[in-house]
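Structure record follows, encoded as structure tokens.
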Amino acid sequence: MKCDMIRDLLPSYIEKLTSPYSNEEIEKHLDSCEACRQFHREMSDDVAFGMPVMDQGEAETVNYLKKVKKVNKRKLILSISTVLILAAAAIWLFAIGTGVSSKDVDIAYKKIGSRLEVHLALGNGKDLLVSGKSKFIYDENDNVIGHESRYIPRGVLHNPLDNVGNEFTLGTEIRNESDYTQTLIIEFKDKEMTFINGVLVE
């Protein structure tokens, strides 16, 4: 190999990054070329001088600091995870809640004129939230033939900052048309109550 190639390879050779074949060729050249040998010595000295040497005490300090950093990182991850779990639990308990059994609810309903009202009162010490959705019912010709409202009562822990209360009233207007069906469904944990055109059928 020529001197230029050897000198290009020397940094990798000093860092032990060259292949066994390249090592053999470099060492052969260094044995026969004083200029490259001197270049190799100077480069090796620069690398050695450029690397700080730590005594035993410094090495122990560095190792200790690494351990402290690792422990602190674990503590931080654990703390963040705990906060997220507690926040999720608080949201679940105070905002989302759990399904309500019909046995825990006092239910009163009445039809006043064309309006059906269903009054729910939760008696297990929790506040009552009700989520709902509704949709129109269509026949095969895409004509509207009815409307369905579905409600899900949920019990949440009492929040003194947001007094939701344990009572809720549902209402729907009943259309006086024989070919139109007005359905109101209350979905409890243990059963469903279905009102069709203001009459409880299930």
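Identifiers in this document derive from the order of the structure tokens: chains are assigned A, B, ..., residues are numbered from 1 separately in each chain, and ligands are numbered from 1 in order of occurrence.
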TODO: Within stretch 69-139 of chain A, find each residue whose DSSP state, derived from the backbone, is alpha helix (DSSP H), and express the selection as number ranges by chain.
DONE: A: 69-91
Task: DSSP-assigned strand (DSSP E or B) members of stretch 37-166 of chain A, reported as a PyMOL selection string - done: chain A and resi 98-99+105-112+115-122+127-138+144-156
TODO: Using only C-alpha atoms, determine which residues lie at most 10 Å from stretch 30-45 of chain A, disregarding the query and same-chain residues fewer than 6 positions distant; provide the list as a list in words.
DONE: Cys3, Asp4, Ile6, Arg7, Leu10, Pro11, Tyr13, Ile14, Glu15 and Glu24 of chain A
Taking a cut-off of 12 Å and counting only C-alpha atoms, can you build a table that, for each residue of stretch 60-122 of chain A near stretch 139-153 of chain A, reports the nearest atom pair and how far apart they are in Å (one decimal), sorted by chain then residue number, as a tab-separated table?
residue	atom	partner	partner_atom	distance
A:Ile96	CA	A:Pro153	CA	10.5
A:Gly97	CA	A:Pro153	CA	9.2
A:Thr98	CA	A:Pro153	CA	8.6
A:Gly99	CA	A:Pro153	CA	6.5
A:Val100	CA	A:Pro153	CA	6.0
A:Ser101	CA	A:Pro153	CA	8.8
A:Ser102	CA	A:Pro153	CA	9.4
A:Asp104	CA	A:Pro153	CA	10.9
A:Val105	CA	A:Pro153	CA	9.5
A:Ile107	CA	A:Pro153	CA	11.9
A:Val118	CA	A:Tyr151	CA	11.1
A:His119	CA	A:Pro153	CA	11.6
A:Leu120	CA	A:Pro153	CA	8.9
A:Ala121	CA	A:Pro153	CA	10.3
A:Leu122	CA	A:Pro153	CA	9.3
